[in-house]
Amino acid sequence: MSHRRTDIQLWGRIEKMLNVIRARVVEFEKILDQFPDVIYAGDPVLRQVASPVTTEEGIALGKRLGEILMRYRKAVGYGRGFAAPQIGLSKAVFVTFVDNELHTFINPKIIKKAGEVNYYREFCLSSGIFAADVGRPEWIQMEWTDERLQKRLEKISGFLARLYQHEEAHLRGMINLDQAEPGGIEFLTFDPLKEQLRQTRK
């Protein structure tokens with residue numbers, strides 16, 4: 001009897017997961033139609049090291065990326081960053097949406113990193129319906145030019161450090177799936193808005 005109950009529980013969990021995956025597939029089909037300019041894992045542009053840009057080019061590209069990111073957020077309800085290689089342009093620019101504001105990062109460069117690492121199951125627009133558990137330094141020091149053409153040099157920690165590192169990695173030809181911990185790639189069956197930074201692997 002206990003085996004039968006265990007089997008029923010197992011199949012219940014499997015069916016629940018399959019239903020979530022089916023819903024993600026339907027959502028992803030809509031995204032493919034609405035965002036034909038976004039490219040995905042397997043495209044060679046995502047493997048290239050991005051070229052530096054002029055400030056004028058960076059501002060224009062930042063506006064374009066910001067428009068796409070905001071449309072994406074409206075369509076699915078999440079998404080915090082977007083980098084130029086994700087629309088097929090190997091240029092050193094990314095944008096973020098934090099505290100209800102868009103920010104542009106032109107020719108960003110991480111110059112220092114913490115030795116301590118935290119973990120987070122990252123979703124990426126270019127990874128389809130997959131997520132990756134990635135370990136990254138808890139803080140970074142990064143320099144860039146912002147949307148006001150101001151040179152910035154800041155130490156960033158917490159979730160922002162995670163976000164900036166994820167986007168900056170795109171400019172070095174890497175996506176979250178490349179940086180996943182062993183066994184850390186999974187279908188996006190969880191709510192990305194509820195994900196939290198962790199000090200250890202799950």
# chains A, B, ... in the order shown; residues from 1 in each chain; ligands from 1

$ residues_around --residues "region 57-67 of chain A" --least-positions-apart "5" --cutoff "7 Å" --atoms "only C-alpha atoms" --output "PDB file with N, CA and C atoms, in the first residue's frame"
ATOM      1  N   PHE A  82      19.522  43.047 -20.430  1.00  0.00           N
ATOM      2  CA  PHE A  82      19.566  42.644 -21.835  1.00  0.00           C
ATOM      3  C   PHE A  82      20.849  43.197 -22.444  1.00  0.00           C
ATOM      4  N   ALA A  84      23.637  43.569 -25.904  1.00  0.00           N
ATOM      5  CA  ALA A  84      23.643  43.710 -27.360  1.00  0.00           C
ATOM      6  C   ALA A  84      23.822  42.388 -28.116  1.00  0.00           C
ATOM      7  N   VAL A  93      27.702  46.663 -24.919  1.00  0.00           N
ATOM      8  CA  VAL A  93      26.642  47.463 -24.290  1.00  0.00           C
ATOM      9  C   VAL A  93      25.618  46.511 -23.680  1.00  0.00           C
ATOM     10  N   PHE A  94      25.177  46.830 -22.468  1.00  0.00           N
ATOM     11  CA  PHE A  94      24.009  46.151 -21.912  1.00  0.00           C
ATOM     12  C   PHE A  94      23.167  47.141 -21.139  1.00  0.00           C
ATOM     13  N   VAL A  95      21.917  46.761 -20.896  1.00  0.00           N
ATOM     14  CA  VAL A  95      21.012  47.603 -20.117  1.00  0.00           C
ATOM     15  C   VAL A  95      20.439  46.788 -18.969  1.00  0.00           C
ATOM     16  N   LEU A 102      15.546  52.348 -16.315  1.00  0.00           N
ATOM     17  CA  LEU A 102      16.487  51.720 -17.236  1.00  0.00           C
ATOM     18  C   LEU A 102      17.859  52.351 -17.079  1.00  0.00           C
ATOM     19  N   THR A 104      21.946  52.198 -18.766  1.00  0.00           N
ATOM     20  CA  THR A 104      22.785  51.734 -19.864  1.00  0.00           C
ATOM     21  C   THR A 104      24.233  51.626 -19.409  1.00  0.00           C
ATOM     22  N   ILE A 106      27.924  51.175 -21.006  1.00  0.00           N
ATOM     23  CA  ILE A 106      28.705  51.249 -22.240  1.00  0.00           C
ATOM     24  C   ILE A 106      30.146  50.851 -21.940  1.00  0.00           C
ATOM     25  N   GLU A 147      24.362  56.192 -19.231  1.00  0.00           N
ATOM     26  CA  GLU A 147      23.514  56.825 -20.239  1.00  0.00           C
ATOM     27  C   GLU A 147      23.634  58.343 -20.243  1.00  0.00           C
TER      28      GLU A 147
END

$ residues_around --residues "Pro36 (chain A)" --least-positions-apart "3" --cutoff "12 Å" --atoms "only C-alpha atoms" --output "list of chain:residue names"
A:Phe28, A:Glu29, A:Lys30, A:Ile31, A:Leu32, A:Asp33, A:Ile39, A:Tyr40, A:Ile68, A:Tyr72, A:Gln86, A:Ile87, A:Gly88, A:Ser126

$ write_last_selection --atoms "N, CA and C atoms" --output "compact mmCIF listing (two decimals), in the first residue's frame"
# COMPACT_ATOMS: atom_id res chain seq x y z
N PHE A 28 6.79 30.46 -24.51
CA PHE A 28 7.97 30.66 -25.33
C PHE A 28 7.61 30.80 -26.81
N GLU A 29 6.61 30.07 -27.26
CA GLU A 29 6.15 30.20 -28.64
C GLU A 29 5.66 31.62 -28.91
N LYS A 30 4.97 32.20 -27.95
CA LYS A 30 4.50 33.59 -28.10
C LYS A 30 5.68 34.56 -28.14
N ILE A 31 6.68 34.29 -27.29
CA ILE A 31 7.86 35.15 -27.26
C ILE A 31 8.60 35.10 -28.60
N LEU A 32 8.70 33.91 -29.18
CA LEU A 32 9.37 33.77 -30.47
C LEU A 32 8.68 34.62 -31.53
N ASP A 33 7.36 34.68 -31.47
CA ASP A 33 6.60 35.47 -32.43
C ASP A 33 6.74 36.97 -32.18
N ILE A 39 18.06 36.50 -30.19
CA ILE A 39 18.70 35.26 -30.62
C ILE A 39 18.97 34.37 -29.40
N TYR A 40 19.21 33.09 -29.68
CA TYR A 40 19.25 32.09 -28.62
C TYR A 40 20.52 31.25 -28.65
N ILE A 68 13.38 46.96 -26.14
CA ILE A 68 13.07 45.53 -26.22
C ILE A 68 12.85 44.94 -24.84
N TYR A 72 9.52 43.13 -23.41
CA TYR A 72 9.60 41.76 -22.89
C TYR A 72 8.99 41.69 -21.49
N GLN A 86 22.57 39.69 -27.60
CA GLN A 86 21.30 38.98 -27.62
C GLN A 86 20.38 39.40 -28.76
N ILE A 87 20.75 40.48 -29.45
CA ILE A 87 20.04 40.83 -30.69
C ILE A 87 20.99 40.74 -31.88
N GLY A 88 22.05 39.95 -31.70
CA GLY A 88 22.95 39.68 -32.82
C GLY A 88 24.03 40.71 -33.06
N SER A 126 18.05 34.47 -23.65
CA SER A 126 18.63 33.69 -24.75
C SER A 126 18.75 32.20 -24.44

$ select_by_dssp --residues "region 143-174 of chain A" --states "strand (DSSP E)" --output "list in words"
Glu143, Trp144, Thr145, Lys151, Arg152, Leu153, Glu154, Lys155, Ile156 and Ser157 of chain A

$ atom_distance --atom1 "CA of Gly12 (chain A)" --atom2 "CA of Arg24 (chain A)"
18.6 Å

$ select_by_dssp --residues "region 1-162 of chain A" --states "helix (DSSP H, G or I)" --output "JSON, numbers by chain"
{"A": [2, 3, 4, 5, 6, 7, 8, 9, 10, 11, 12, 13, 14, 15, 16, 17, 18, 19, 20, 21, 22, 23, 24, 25, 26, 27, 28, 29, 30, 31, 32, 33, 34, 44, 45, 46, 47, 55, 56, 57, 58, 59, 60, 61, 62, 63, 64, 65, 66, 67, 68, 69, 70, 71, 72, 73, 74, 75, 76, 84, 85, 86, 87, 125, 126, 127, 158, 159, 160, 161, 162]}

$ decode --residues "region 62-78 of chain A" --atoms "N, CA and C atoms" --output "PDB file, in the first residue's frame"
ATOM      1  N   GLY A  62      21.812  51.425 -26.408  1.00  0.00           N
ATOM      2  CA  GLY A  62      21.159  51.291 -25.106  1.00  0.00           C
ATOM      3  C   GLY A  62      19.665  51.573 -25.190  1.00  0.00           C
ATOM      4  N   LYS A  63      19.285  52.572 -25.968  1.00  0.00           N
ATOM      5  CA  LYS A  63      17.862  52.891 -26.144  1.00  0.00           C
ATOM      6  C   LYS A  63      17.131  51.731 -26.818  1.00  0.00           C
ATOM      7  N   ARG A  64      17.765  51.168 -27.841  1.00  0.00           N
ATOM      8  CA  ARG A  64      17.143  50.050 -28.553  1.00  0.00           C
ATOM      9  C   ARG A  64      16.974  48.846 -27.633  1.00  0.00           C
ATOM     10  N   LEU A  65      18.025  48.520 -26.875  1.00  0.00           N
ATOM     11  CA  LEU A  65      17.952  47.391 -25.948  1.00  0.00           C
ATOM     12  C   LEU A  65      16.904  47.636 -24.872  1.00  0.00           C
ATOM     13  N   GLY A  66      16.841  48.861 -24.386  1.00  0.00           N
ATOM     14  CA  GLY A  66      15.874  49.205 -23.356  1.00  0.00           C
ATOM     15  C   GLY A  66      14.439  49.042 -23.832  1.00  0.00           C
ATOM     16  N   GLU A  67      14.186  49.427 -25.068  1.00  0.00           N
ATOM     17  CA  GLU A  67      12.841  49.278 -25.623  1.00  0.00           C
ATOM     18  C   GLU A  67      12.439  47.809 -25.694  1.00  0.00           C
ATOM     19  N   ILE A  68      13.378  46.964 -26.135  1.00  0.00           N
ATOM     20  CA  ILE A  68      13.074  45.533 -26.225  1.00  0.00           C
ATOM     21  C   ILE A  68      12.851  44.939 -24.841  1.00  0.00           C
ATOM     22  N   LEU A  69      13.703  45.307 -23.884  1.00  0.00           N
ATOM     23  CA  LEU A  69      13.568  44.781 -22.525  1.00  0.00           C
ATOM     24  C   LEU A  69      12.230  45.169 -21.915  1.00  0.00           C
ATOM     25  N   MET A  70      11.809  46.405 -22.111  1.00  0.00           N
ATOM     26  CA  MET A  70      10.541  46.832 -21.540  1.00  0.00           C
ATOM     27  C   MET A  70       9.360  46.124 -22.199  1.00  0.00           C
ATOM     28  N   ARG A  71       9.436  45.876 -23.493  1.00  0.00           N
ATOM     29  CA  ARG A  71       8.384  45.117 -24.167  1.00  0.00           C
ATOM     30  C   ARG A  71       8.340  43.684 -23.648  1.00  0.00           C
ATOM     31  N   TYR A  72       9.523  43.128 -23.414  1.00  0.00           N
ATOM     32  CA  TYR A  72       9.604  41.760 -22.892  1.00  0.00           C
ATOM     33  C   TYR A  72       8.993  41.686 -21.494  1.00  0.00           C
ATOM     34  N   ARG A  73       9.329  42.648 -20.647  1.00  0.00           N
ATOM     35  CA  ARG A  73       8.770  42.673 -19.293  1.00  0.00           C
ATOM     36  C   ARG A  73       7.243  42.783 -19.337  1.00  0.00           C
ATOM     37  N   LYS A  74       6.738  43.569 -20.269  1.00  0.00           N
ATOM     38  CA  LYS A  74       5.291  43.716 -20.402  1.00  0.00           C
ATOM     39  C   LYS A  74       4.655  42.408 -20.836  1.00  0.00           C
ATOM     40  N   ALA A  75       5.373  41.658 -21.670  1.00  0.00           N
ATOM     41  CA  ALA A  75       4.828  40.403 -22.197  1.00  0.00           C
ATOM     42  C   ALA A  75       4.828  39.279 -21.173  1.00  0.00           C
ATOM     43  N   VAL A  76       5.899  39.164 -20.360  1.00  0.00           N
ATOM     44  CA  VAL A  76       6.013  38.008 -19.465  1.00  0.00           C
ATOM     45  C   VAL A  76       6.061  38.364 -17.979  1.00  0.00           C
ATOM     46  N   GLY A  77       6.311  39.625 -17.645  1.00  0.00           N
ATOM     47  CA  GLY A  77       6.285  40.035 -16.246  1.00  0.00           C
ATOM     48  C   GLY A  77       7.609  39.981 -15.518  1.00  0.00           C
ATOM     49  N   TYR A  78       8.681  39.619 -16.228  1.00  0.00           N
ATOM     50  CA  TYR A  78      10.004  39.619 -15.602  1.00  0.00           C
ATOM     51  C   TYR A  78      11.068  39.868 -16.655  1.00  0.00           C
TER      52      TYR A  78
END
